[in-house]
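S.K.: Sending over protein-v5.txt (compact mmCIF, C-alpha atoms (C1' of nucleotides)).
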```
# COMPACT_ATOMS: atom_id res chain seq x y z
CA MET A 1 101.25 150.64 76.56
CA ALA A 2 98.01 151.62 74.94
CA LEU A 3 97.30 151.61 71.21
CA THR A 4 97.22 154.94 69.41
CA PRO A 5 93.94 155.75 67.63
CA LEU A 6 95.69 155.18 64.31
CA THR A 7 96.76 151.68 65.22
CA ARG A 8 93.49 150.88 66.94
CA GLN A 9 91.66 151.64 63.71
CA PHE A 10 93.92 149.39 61.67
CA VAL A 11 93.84 146.60 64.24
CA SER A 12 90.09 146.50 64.57
CA HIS A 13 89.60 146.49 60.82
CA PHE A 14 91.77 143.41 60.64
CA GLY A 15 89.79 141.87 63.44
CA GLU A 16 86.57 142.25 61.52
CA MET A 17 88.04 141.22 58.18
CA GLY A 18 89.74 138.25 59.81
CA SER A 19 86.43 136.49 60.18
CA ARG A 20 85.81 136.80 56.43
CA TRP A 21 89.03 134.97 55.80
CA GLY A 22 89.51 131.67 57.55
CA ILE A 23 91.21 133.33 60.52
CA ASN A 24 89.41 134.62 63.58
CA ARG A 25 89.19 138.04 65.15
CA THR A 26 91.97 137.47 67.67
CA VAL A 27 94.41 136.23 65.06
CA GLY A 28 93.60 139.10 62.72
CA GLN A 29 94.18 141.69 65.41
CA LEU A 30 97.38 140.08 66.60
CA TYR A 31 98.76 140.09 63.12
CA ALA A 32 97.77 143.67 62.43
CA LEU A 33 99.48 144.87 65.57
CA ILE A 34 102.66 142.95 64.91
CA PHE A 35 102.64 144.15 61.32
CA VAL A 36 102.61 147.86 62.13
CA SER A 37 104.79 147.69 65.21
CA ASP A 38 108.21 149.26 64.94
CA ARG A 39 109.73 146.61 67.18
CA PRO A 40 109.13 142.94 67.98
CA LEU A 41 106.45 142.33 70.63
CA ASN A 42 106.13 139.58 73.20
CA ALA A 43 103.01 137.70 74.17
CA ASP A 44 102.40 139.63 77.38
CA GLU A 45 102.60 142.94 75.59
CA LEU A 46 100.17 141.71 72.94
CA ALA A 47 97.75 140.44 75.57
CA GLU A 48 97.85 143.74 77.42
CA MET A 49 97.58 145.97 74.36
CA LEU A 50 94.71 144.02 72.83
CA GLU A 51 93.08 143.02 76.13
CA PHE A 52 93.07 139.33 75.32
CA SER A 53 93.85 136.59 77.80
CA ARG A 54 97.41 135.35 77.76
CA SER A 55 96.30 131.92 76.61
CA ASN A 56 94.33 133.34 73.73
CA VAL A 57 97.41 135.20 72.58
CA SER A 58 99.44 132.02 72.83
CA MET A 59 97.02 130.15 70.60
CA GLY A 60 96.78 133.02 68.15
CA LEU A 61 100.54 133.26 67.81
CA LYS A 62 100.75 129.57 67.22
CA GLU A 63 98.34 129.93 64.34
CA LEU A 64 100.21 132.89 62.87
CA GLN A 65 103.40 130.88 63.01
CA ALA A 66 101.69 127.98 61.26
CA TRP A 67 100.79 130.45 58.50
CA ARG A 68 104.42 131.67 58.52
CA LEU A 69 103.16 135.22 58.91
CA VAL A 70 105.16 136.00 62.03
CA ARG A 71 108.53 134.85 63.14
CA LEU A 72 110.29 134.56 66.44
CA LYS A 73 112.94 137.04 67.35
CA HIS A 74 115.01 136.72 70.47
CA ILE A 75 116.14 139.78 72.30
CA PRO A 76 119.48 139.54 74.12
CA ALA A 77 119.20 139.17 77.88
CA ASP A 78 115.45 138.60 77.69
CA ARG A 79 114.05 135.14 78.01
CA ARG A 80 110.69 135.96 76.50
CA GLU A 81 109.84 135.29 72.89
CA TYR A 82 109.30 138.28 70.67
CA PHE A 83 107.39 138.25 67.40
CA GLU A 84 107.75 140.28 64.25
CA ALA A 85 106.35 140.28 60.73
CA PRO A 86 108.67 140.07 57.72
CA GLU A 87 109.69 143.48 56.37
CA ASP A 88 108.99 142.84 52.72
CA VAL A 89 105.27 143.09 51.95
CA TRP A 90 105.67 141.27 48.67
CA GLN A 91 107.23 138.38 50.56
CA ILE A 92 104.27 138.43 52.95
CA PHE A 93 101.88 138.30 50.02
CA LYS A 94 103.71 135.32 48.55
CA THR A 95 103.67 133.48 51.86
CA LEU A 96 99.94 134.05 52.18
CA ALA A 97 99.41 132.79 48.65
CA GLU A 98 101.54 129.71 49.25
CA GLU A 99 99.71 128.81 52.43
CA ARG A 100 96.30 129.27 50.90
CA ARG A 101 97.40 127.16 48.02
CA ARG A 102 98.56 124.40 50.30
CA ARG A 103 95.45 124.49 52.47
CA GLU A 104 92.72 125.16 49.93
CA ILE A 105 93.81 124.75 46.35
CA GLU A 106 95.81 121.55 46.59
CA PRO A 107 93.16 119.56 48.48
CA THR A 108 90.58 120.71 45.96
CA LEU A 109 92.71 119.76 42.96
CA SER A 110 93.38 116.42 44.52
CA MET A 111 89.67 115.79 45.11
CA LEU A 112 88.93 116.78 41.52
CA ARG A 113 91.63 114.53 40.11
CA GLY A 114 90.19 111.65 42.11
CA ALA A 115 86.68 112.34 40.87
CA LEU A 116 87.86 112.55 37.27
CA LEU A 117 89.41 109.11 37.45
CA GLU A 118 86.12 107.44 38.36
CA ALA A 119 84.05 105.84 35.62
CA PRO A 120 80.88 107.89 35.10
CA ALA A 121 77.82 105.83 36.00
CA SER A 122 75.29 107.89 34.03
CA ALA A 123 74.79 110.82 31.70
CA THR A 124 74.44 112.99 34.79
CA ASP A 125 77.81 111.82 36.06
CA LYS A 126 79.32 112.46 32.64
CA HIS A 127 78.13 116.02 32.75
CA ALA A 128 79.33 116.45 36.32
CA GLN A 129 82.77 115.25 35.30
CA LYS A 130 82.82 117.69 32.41
CA ARG A 131 82.17 120.52 34.83
CA MET A 132 84.75 119.22 37.26
CA ARG A 133 87.32 119.03 34.50
CA GLU A 134 86.63 122.62 33.52
CA MET A 135 87.09 123.69 37.12
CA HIS A 136 90.21 121.58 37.51
CA ASP A 137 91.83 122.96 34.39
CA LEU A 138 91.09 126.55 35.30
CA ILE A 139 92.47 126.17 38.81
CA GLU A 140 95.53 124.35 37.60
CA MET A 141 96.30 126.86 34.90
CA THR A 142 95.82 129.80 37.23
CA THR A 143 97.92 128.44 40.06
CA ASN A 144 100.73 127.23 37.82
CA TRP A 145 100.82 130.62 36.23
CA PHE A 146 100.91 132.33 39.60
CA ASP A 147 103.81 130.11 40.56
CA ASP A 148 105.70 131.28 37.52
CA VAL A 149 104.94 134.92 38.14
CA GLN A 150 105.97 134.56 41.76
CA ARG A 151 109.39 133.44 40.70
CA LEU A 152 110.10 136.60 38.72
CA ASP A 153 112.50 138.94 40.42
CA PRO A 154 110.61 141.82 42.08
CA GLU A 155 111.74 144.45 39.62
CA THR A 156 110.58 142.54 36.58
CA LEU A 157 107.36 141.84 38.38
CA VAL A 158 106.62 145.46 39.13
CA GLN A 159 107.47 146.45 35.59
CA PHE A 160 105.21 143.69 34.40
CA MET A 161 102.29 144.64 36.61
CA ARG A 162 102.56 148.33 35.76
CA MET A 163 102.15 147.40 32.13
CA GLY A 164 98.65 146.19 32.80
CA ALA A 165 96.53 145.76 29.73
CA LYS A 166 99.39 146.67 27.44
CA VAL A 167 100.35 143.03 27.67
CA GLN A 168 98.01 142.44 24.79
CA LYS A 169 100.12 144.64 22.55
CA LEU A 170 103.20 142.84 23.70
CA LEU A 171 101.69 139.51 22.76
CA GLU A 172 100.80 140.82 19.34
CA LEU A 173 104.38 141.94 18.98
CA LYS A 174 105.59 138.52 20.00
CA ASP A 175 103.36 136.83 17.44
CA ARG A 176 104.56 139.14 14.69
CA MET A 177 108.15 138.44 15.48
CA LYS A 178 107.94 134.75 16.34
CA LEU A 179 110.92 135.14 18.58
CA VAL A 180 109.67 133.43 21.72
CA GLY A 181 108.50 129.81 21.82
CA GLY A 182 108.20 127.26 19.01
CA LYS A 183 105.09 126.44 16.99
CA SER A 184 101.59 127.82 17.63
CA GLY A 185 101.80 129.50 21.00
CA GLY A 186 104.89 127.97 22.51
CA SER A 187 105.58 124.78 24.37
CA ASN A 188 104.40 124.56 27.91
CA ARG A 189 103.76 122.54 31.00
CA SER A 190 101.99 119.22 31.59
CA MET B 1 66.50 112.05 43.48
CA ALA B 2 69.60 110.97 45.34
CA LEU B 3 73.13 112.17 44.69
CA THR B 4 75.51 109.85 42.89
CA PRO B 5 78.70 109.00 44.81
CA LEU B 6 80.66 111.17 42.39
CA THR B 7 78.56 114.22 43.07
CA ARG B 8 78.33 113.51 46.78
CA GLN B 9 82.12 113.59 46.97
CA PHE B 10 82.32 116.90 45.15
CA VAL B 11 79.49 118.44 47.15
CA SER B 12 80.85 117.51 50.52
CA HIS B 13 84.30 118.77 49.67
CA PHE B 14 82.75 122.15 48.89
CA GLY B 15 80.85 122.02 52.13
CA GLU B 16 84.03 121.62 54.11
CA MET B 17 86.01 124.14 52.07
CA GLY B 18 83.13 126.59 52.24
CA SER B 19 83.85 127.24 55.90
CA ARG B 20 87.44 128.19 55.06
CA TRP B 21 86.11 130.85 52.72
CA GLY B 22 83.61 133.29 54.16
CA ILE B 23 80.67 131.11 53.06
CA ASN B 24 79.16 128.36 55.19
CA ARG B 25 78.71 124.68 54.64
CA THR B 26 75.17 124.89 53.31
CA VAL B 27 76.04 127.56 50.79
CA GLY B 28 79.10 125.66 49.62
CA GLN B 29 77.16 122.47 49.08
CA LEU B 30 74.31 124.24 47.32
CA TYR B 31 76.71 125.87 44.94
CA ALA B 32 78.61 122.68 44.23
CA LEU B 33 75.42 120.83 43.38
CA ILE B 34 74.10 123.57 41.14
CA PHE B 35 77.50 123.83 39.47
CA VAL B 36 77.69 120.19 38.39
CA SER B 37 74.02 119.72 37.63
CA ASP B 38 73.09 119.23 33.99
CA ARG B 39 69.85 121.14 34.45
CA PRO B 40 68.56 124.00 36.61
CA LEU B 41 67.33 122.91 40.04
CA ASN B 42 64.60 124.33 42.23
CA ALA B 43 64.71 124.91 45.97
CA ASP B 44 62.67 121.84 46.86
CA GLU B 45 64.93 119.59 44.84
CA LEU B 46 67.99 121.09 46.48
CA ALA B 47 66.50 120.67 49.95
CA GLU B 48 65.65 117.05 49.26
CA MET B 49 68.94 116.13 47.61
CA LEU B 50 71.08 117.75 50.29
CA GLU B 51 68.71 117.04 53.19
CA PHE B 52 68.54 120.64 54.33
CA SER B 53 65.42 122.36 55.53
CA ARG B 54 63.57 124.34 52.92
CA SER B 55 64.24 127.57 54.76
CA ASN B 56 67.95 126.89 54.93
CA VAL B 57 67.99 126.41 51.18
CA SER B 58 66.09 129.63 50.70
CA MET B 59 68.67 131.56 52.72
CA GLY B 60 71.58 129.87 51.01
CA LEU B 61 70.24 130.66 47.56
CA LYS B 62 69.75 134.25 48.57
CA GLU B 63 73.41 134.43 49.51
CA LEU B 64 74.55 132.76 46.29
CA GLN B 65 72.52 135.28 44.35
CA ALA B 66 74.11 138.11 46.31
CA TRP B 67 77.47 136.70 45.21
CA ARG B 68 76.14 136.50 41.63
CA LEU B 69 77.21 132.85 41.52
CA VAL B 70 73.81 131.47 40.58
CA ARG B 71 71.07 132.92 38.49
CA LEU B 72 67.38 132.38 38.23
CA LYS B 73 66.00 130.46 35.32
CA HIS B 74 62.31 130.08 34.73
CA ILE B 75 60.93 126.94 33.23
CA PRO B 76 57.79 127.30 31.07
CA ALA B 77 54.58 126.16 32.76
CA ASP B 78 56.33 125.83 36.13
CA ARG B 79 55.84 128.46 38.77
CA ARG B 80 58.84 127.45 40.80
CA GLU B 81 62.18 129.20 40.53
CA TYR B 82 65.05 127.22 39.12
CA PHE B 83 68.71 128.00 39.66
CA GLU B 84 71.76 127.45 37.52
CA ALA B 85 75.43 128.41 37.52
CA PRO B 86 76.95 130.27 34.56
CA GLU B 87 78.49 127.97 31.95
CA ASP B 88 81.80 129.72 31.55
CA VAL B 89 84.17 128.88 34.40
CA TRP B 90 86.39 131.83 33.63
CA GLN B 91 83.37 134.08 33.99
CA ILE B 92 82.65 132.45 37.34
CA PHE B 93 86.19 133.08 38.46
CA LYS B 94 85.94 136.73 37.49
CA THR B 95 82.66 137.16 39.34
CA LEU B 96 84.18 135.62 42.45
CA ALA B 97 87.16 137.94 42.20
CA GLU B 98 84.97 141.00 41.70
CA GLU B 99 82.81 140.18 44.69
CA ARG B 100 85.75 139.51 46.95
CA ARG B 101 87.25 142.73 45.81
CA ARG B 102 84.09 144.65 46.61
CA ARG B 103 83.63 143.02 50.00
CA GLU B 104 87.19 142.69 51.24
CA ILE B 105 89.71 144.67 49.25
CA GLU B 106 87.84 147.93 48.77
CA PRO B 107 86.89 148.38 52.45
CA THR B 108 90.50 147.67 53.41
CA LEU B 109 91.91 150.13 50.89
CA SER B 110 89.46 152.72 52.08
CA MET B 111 90.44 152.17 55.73
CA LEU B 112 94.12 152.42 54.78
CA ARG B 113 93.59 155.61 52.81
CA GLY B 114 91.81 157.12 55.80
CA ALA B 115 94.60 156.11 58.16
CA LEU B 116 97.24 157.54 55.83
CA LEU B 117 95.56 160.94 55.83
CA GLU B 118 95.85 161.31 59.59
CA ALA B 119 98.73 163.27 61.02
CA PRO B 120 101.07 160.86 62.83
CA ALA B 121 101.17 161.66 66.56
CA SER B 122 104.48 159.96 67.30
CA ALA B 123 107.42 158.09 65.85
CA THR B 124 105.46 154.88 66.40
CA ASP B 125 102.58 156.27 64.36
CA LYS B 126 105.00 157.33 61.65
CA HIS B 127 106.29 153.80 61.38
CA ALA B 128 102.78 152.37 61.41
CA GLN B 129 101.85 154.66 58.54
CA LYS B 130 104.90 153.56 56.60
CA ARG B 131 103.78 149.94 56.94
CA MET B 132 100.22 150.84 56.03
CA ARG B 133 101.42 152.65 52.94
CA GLU B 134 103.43 149.62 51.87
CA MET B 135 100.38 147.44 52.29
CA HIS B 136 98.15 149.93 50.52
CA ASP B 137 100.46 150.23 47.54
CA LEU B 138 100.86 146.50 47.16
CA ILE B 139 97.13 145.86 47.30
CA GLU B 140 96.37 148.68 44.92
CA MET B 141 98.98 147.60 42.39
CA THR B 142 97.87 143.99 42.51
CA THR B 143 94.16 144.65 42.17
CA ASN B 144 94.55 147.24 39.43
CA TRP B 145 96.70 144.83 37.54
CA PHE B 146 94.17 142.06 37.98
CA ASP B 147 91.50 144.40 36.63
CA ASP B 148 93.57 144.90 33.51
CA VAL B 149 94.24 141.23 33.04
CA GLN B 150 90.57 140.46 33.53
CA ARG B 151 89.71 142.67 30.61
CA LEU B 152 91.85 140.73 28.16
CA ASP B 153 89.89 138.56 25.79
CA PRO B 154 89.98 134.92 26.92
CA GLU B 155 92.21 133.73 24.12
CA THR B 156 94.91 136.30 24.77
CA LEU B 157 94.64 135.50 28.44
CA VAL B 158 95.16 131.78 27.99
CA GLN B 159 98.08 132.40 25.67
CA PHE B 160 99.48 134.80 28.23
CA MET B 161 99.09 132.43 31.16
CA ARG B 162 100.58 129.51 29.29
CA MET B 163 103.66 131.56 28.72
CA GLY B 164 104.35 131.63 32.43
CA ALA B 165 107.86 132.62 33.35
CA LYS B 166 108.73 133.32 29.76
CA VAL B 167 107.22 136.73 30.36
CA GLN B 168 110.63 137.77 31.56
CA LYS B 169 112.09 137.15 28.12
CA LEU B 170 109.24 139.05 26.58
CA LEU B 171 109.97 142.04 28.79
CA GLU B 172 113.61 141.94 27.81
CA LEU B 173 112.51 141.91 24.20
CA LYS B 174 110.31 144.91 24.83
CA ASP B 175 113.14 146.81 26.45
CA ARG B 176 115.46 146.08 23.56
CA MET B 177 112.94 147.26 21.04
CA LYS B 178 111.47 150.23 22.95
CA LEU B 179 108.26 149.77 21.04
CA VAL B 180 105.76 149.80 23.90
CA GLY B 181 105.32 152.70 26.33
CA GLY B 182 107.21 155.99 26.56
CA LYS B 183 110.13 156.73 28.85
CA SER B 184 111.52 154.41 31.54
CA GLY B 185 109.02 151.61 31.83
CA GLY B 186 105.93 153.13 30.29
CA SER B 187 103.26 155.47 31.62
CA ASN B 188 100.74 154.09 33.98
CA ARG B 189 97.85 154.68 36.28
CA SER B 190 97.39 157.07 39.27
C1' DC C 1 39.40 139.02 43.64
C1' DT C 2 40.35 134.17 45.70
C1' DG C 3 43.09 130.77 47.24
C1' DA C 4 46.57 127.33 46.45
C1' DA C 5 51.44 127.19 45.48
C1' DT C 6 55.65 128.95 46.52
C1' DT C 7 59.08 131.73 48.78
C1' DT C 8 60.76 134.48 52.65
C1' DT C 9 61.25 135.79 57.32
C1' DC C 10 62.40 135.16 61.91
C1' DA C 11 62.48 133.58 66.81
C1' DG C 12 64.34 130.04 69.13
C1' DA C 13 67.18 125.65 69.23
C1' DA C 14 71.27 123.28 67.95
C1' DA C 15 75.87 123.25 66.63
C1' DT C 16 80.15 125.23 66.24
C1' DT C 17 83.82 128.20 67.36
C1' DA C 18 86.30 131.30 70.35
C1' DC C 19 87.98 132.43 74.80
C1' DT C 20 89.37 131.97 79.63
C1' DG C 21 91.66 130.55 83.92
C1' DA C 22 93.97 127.07 86.09
C1' DA C 23 97.18 123.63 85.80
C1' DA C 24 100.90 121.36 83.37
C1' DA C 25 104.96 121.61 80.74
C1' DT C 26 109.05 123.72 79.24
C1' DT C 27 112.96 126.67 79.45
C1' DG C 28 117.23 128.40 80.97
C1' DA C 29 119.89 130.91 84.53
C1' DT C 30 122.22 129.74 88.54
C1' DA D 1 119.77 119.64 89.57
C1' DT D 2 116.79 123.50 91.17
C1' DC D 3 113.42 126.71 90.59
C1' DA D 4 111.49 130.91 88.91
C1' DA D 5 110.03 132.65 84.55
C1' DT D 6 107.59 131.74 80.67
C1' DT D 7 104.73 129.21 77.45
C1' DT D 8 101.34 125.73 76.32
C1' DT D 9 97.45 122.89 77.02
C1' DC D 10 92.85 121.93 77.92
C1' DA D 11 88.30 121.47 80.12
C1' DG D 12 84.64 124.27 80.76
C1' DT D 13 82.06 128.44 79.50
C1' DA D 14 80.77 132.20 76.60
C1' DA D 15 79.75 133.98 72.22
C1' DT D 16 78.66 133.40 67.63
C1' DT D 17 76.89 131.21 63.77
C1' DT D 18 73.98 128.03 61.56
C1' DC D 19 69.76 125.73 61.05
C1' DT D 20 64.85 124.71 61.67
C1' DG D 21 59.77 124.91 61.81
C1' DA D 22 56.04 127.78 61.89
C1' DA D 23 54.04 131.75 60.35
C1' DA D 24 53.85 135.60 57.18
C1' DA D 25 54.29 137.31 52.68
C1' DT D 26 54.16 136.94 47.83
C1' DT D 27 52.86 135.22 43.44
C1' DC D 28 49.88 133.96 39.93
C1' DA D 29 46.23 130.87 37.66
C1' DG D 30 41.53 130.82 37.38
```
Would you write out, as structure tokens, the structure that this file holds?

M.R.:
Amino acid sequence: MALTPLTRQFVSHFGEMGSRWGINRTVGQLYALIFVSDRPLNADELAEMLEFSRSNVSMGLKELQAWRLVRLKHIPADRREYFEAPEDVWQIFKTLAEERRRREIEPTLSMLRGALLEAPASATDKHAQKRMREMHDLIEMTTNWFDDVQRLDPETLVQFMRMGAKVQKLLELKDRMKLVGGKSGGSNRS
Amino acid sequence: MALTPLTRQFVSHFGEMGSRWGINRTVGQLYALIFVSDRPLNADELAEMLEFSRSNVSMGLKELQAWRLVRLKHIPADRREYFEAPEDVWQIFKTLAEERRRREIEPTLSMLRGALLEAPASATDKHAQKRMREMHDLIEMTTNWFDDVQRLDPETLVQFMRMGAKVQKLLELKDRMKLVGGKSGGSNRS
DNA sequence: CTGAATTTTCAGAAATTACTGAAAATTGAT
DNA sequence: ATCAATTTTCAGTAATTTCTGAAAATTCAG
């Protein structure tokens, strides 16, 4: 079963882009193919369609599962394992964000918190800590906020995103009415 | 001039993380050091402090400039070029987002748009296009929205982010008052 | 202009990462 | 329990990426 030109185009783009993310070409192509497929695919099919070795496909699928980007689906009366991507693209996006957070953001925050606890040994260290605190606070604010947004139900979220820059007007409205939150900007986290 | 333990820790974390992003270890470490430094640094200083070859530093700085993450600063009566990172961490974040958008998002959107113009040759292609359209629409909505948010003045933005999930209440308020936007959810882009 | 200081380029070496085939392990139908 | 089907592992190899030193190019003070 050969790839159609349409799918080939999509798959090879993901292969190239894959290297810009942390994932490699094989993994990118595997995901792309599973994503557009109209039915779950097994490892042999993937290996044949993409012309990768069977073992390479096995390793790639393992990585995609670690990222929670594909899931196993068993087909009755077939012993082989089939793979599919979740239907809901917004769910996929959230999974990607969660995994990146776990792998990249959290270790960085934790390093920064450690560094900020140390006693600065010099003026240079003091300045370095100031910069690290700025970075820490920005990352923490941004990720906490993303967490909150992620929890909105999809409809509210779409409505919210479509509003775009009008949010500014909404905030002005809020301030005028003092209906949401307590004193000076509302209570918040940590 | 040796690195203090504090800075060494920060710098080597960025070296390791660098490889998870598209940038390599050298570039990550160079950036980290420039970011925390309390004064602009020149290429020789960077090479000595990080124990990289001078040519490696030259290439790394070129890449950081291409990302607009460092800028040149000339010091009076010194012919050498000094490098510094912008002060404002939010500005840095925006630059990073813009560059990633230009390098990763835009090419992907453009590939997707191309693929969506083609006439599907089969039911399989039809399904593939459906998936591609879902991906395209999600990416487009998310990046356009980020563009809008990016344009908010920093104070509004911080206020907005600190609100977090309370945005839902704000949207309910908006709906009750019908003060923002026209019919059914407000007009929007493309 | 000249030439020393500085930066950039680039071919090859070193290091890292990706990929393969063969063998081992696992699975599940009988 | 057996064994064929299937998946995983892993050592070795291939491919890619990163890094270096030497040479070329550029810059600018005099």

S.K.: Could you work out which residues of chain A fall inside 6 Å of chain B? Count all atoms listed in the file, and format the result as a VMD selection string.

M.R.: chain A and resid 20 to 22 36 128 131 145 148 161 164 to 165

S.K.: Using all atoms listed in the file and a cut-off of 8 Å, which residues of chain C sit close to chain B? Please list them as a list in words.

M.R.: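 Close to chain B, chain C has DT6, DT7 and DT8 of chain C.
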
S.K.: Would you tabulate, counting all atoms listed in the file, all residues of chain D that have an atom at most 12 Å from an atom of chain A, showing the closest pair of atoms and their distance in Å to one decimal, sorted by chain then ascending number, as a tab-separated table?

M.R.:
```
residue	atom	partner	partner_atom	distance
D:DA4	C1'	A:Arg79	CA	12.0
D:DA5	C1'	A:Arg79	CA	8.1
D:DT6	C1'	A:Arg80	CA	6.7
D:DT7	C1'	A:Ser58	CA	7.6
D:DT8	C1'	A:Ser58	CA	7.4
D:DT9	C1'	A:Ser55	CA	9.1
D:DC10	C1'	A:Ser55	CA	10.6
D:DT16	C1'	A:Ser19	CA	11.2
D:DT17	C1'	A:Ser19	CA	11.5
```

S.K.: Using all atoms listed in the file, tabulate the residues of chain C lying at most 12 Å from any atom of range 18-21 of chain D, each with its closest atom pair and that distance in Å to one decimal, by chain and increasing residue number, as a tab-separated table.

M.R.:
```
residue	atom	partner	partner_atom	distance
C:DT9	C1'	D:DG21	C1'	11.9
C:DC10	C1'	D:DG21	C1'	10.6
C:DA11	C1'	D:DG21	C1'	10.4
C:DG12	C1'	D:DT20	C1'	9.2
C:DA13	C1'	D:DT20	C1'	8.0
C:DA14	C1'	D:DC19	C1'	7.5
C:DA15	C1'	D:DT18	C1'	7.2
C:DT16	C1'	D:DT18	C1'	8.2
C:DT17	C1'	D:DT18	C1'	11.4
```

S.K.: Rounded to one decimal in Å, what is the spacing between CA of Glu16 in chain B and CA of Val70 in chain A?

M.R.: 26.8 Å

S.K.: Please report the interatomic distance between CA of Met1 in chain A and CA of Leu41 in chain A in Å with one decimal.

M.R.: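 Interatomic distance, CA of Met1 in chain A to CA of Leu41 in chain A: 11.5 Å.
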
S.K.: Counting all atoms listed in the file, what is within 12 Å of DG12 in chain D, bar same-chain residues fewer than 4 positions away, as a PyMOL selection string?

M.R.: chain C and resi 19-22

S.K.: Which one of B:Leu72, B:Arg133, B:Asp78, B:Glu51 sits closest to DA5 in chain C if you count all atoms listed in the file?

M.R.: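 Checking each of B:Leu72, B:Arg133, B:Asp78, B:Glu51 against DA5 in chain C, counting all atoms listed in the file, the winner is B:Asp78.
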
S.K.: Calculate how many Å separate CA of Tyr31 in chain B from CA of Glu48 in chain B, rounding to one decimal.

M.R.: 14.8 Å
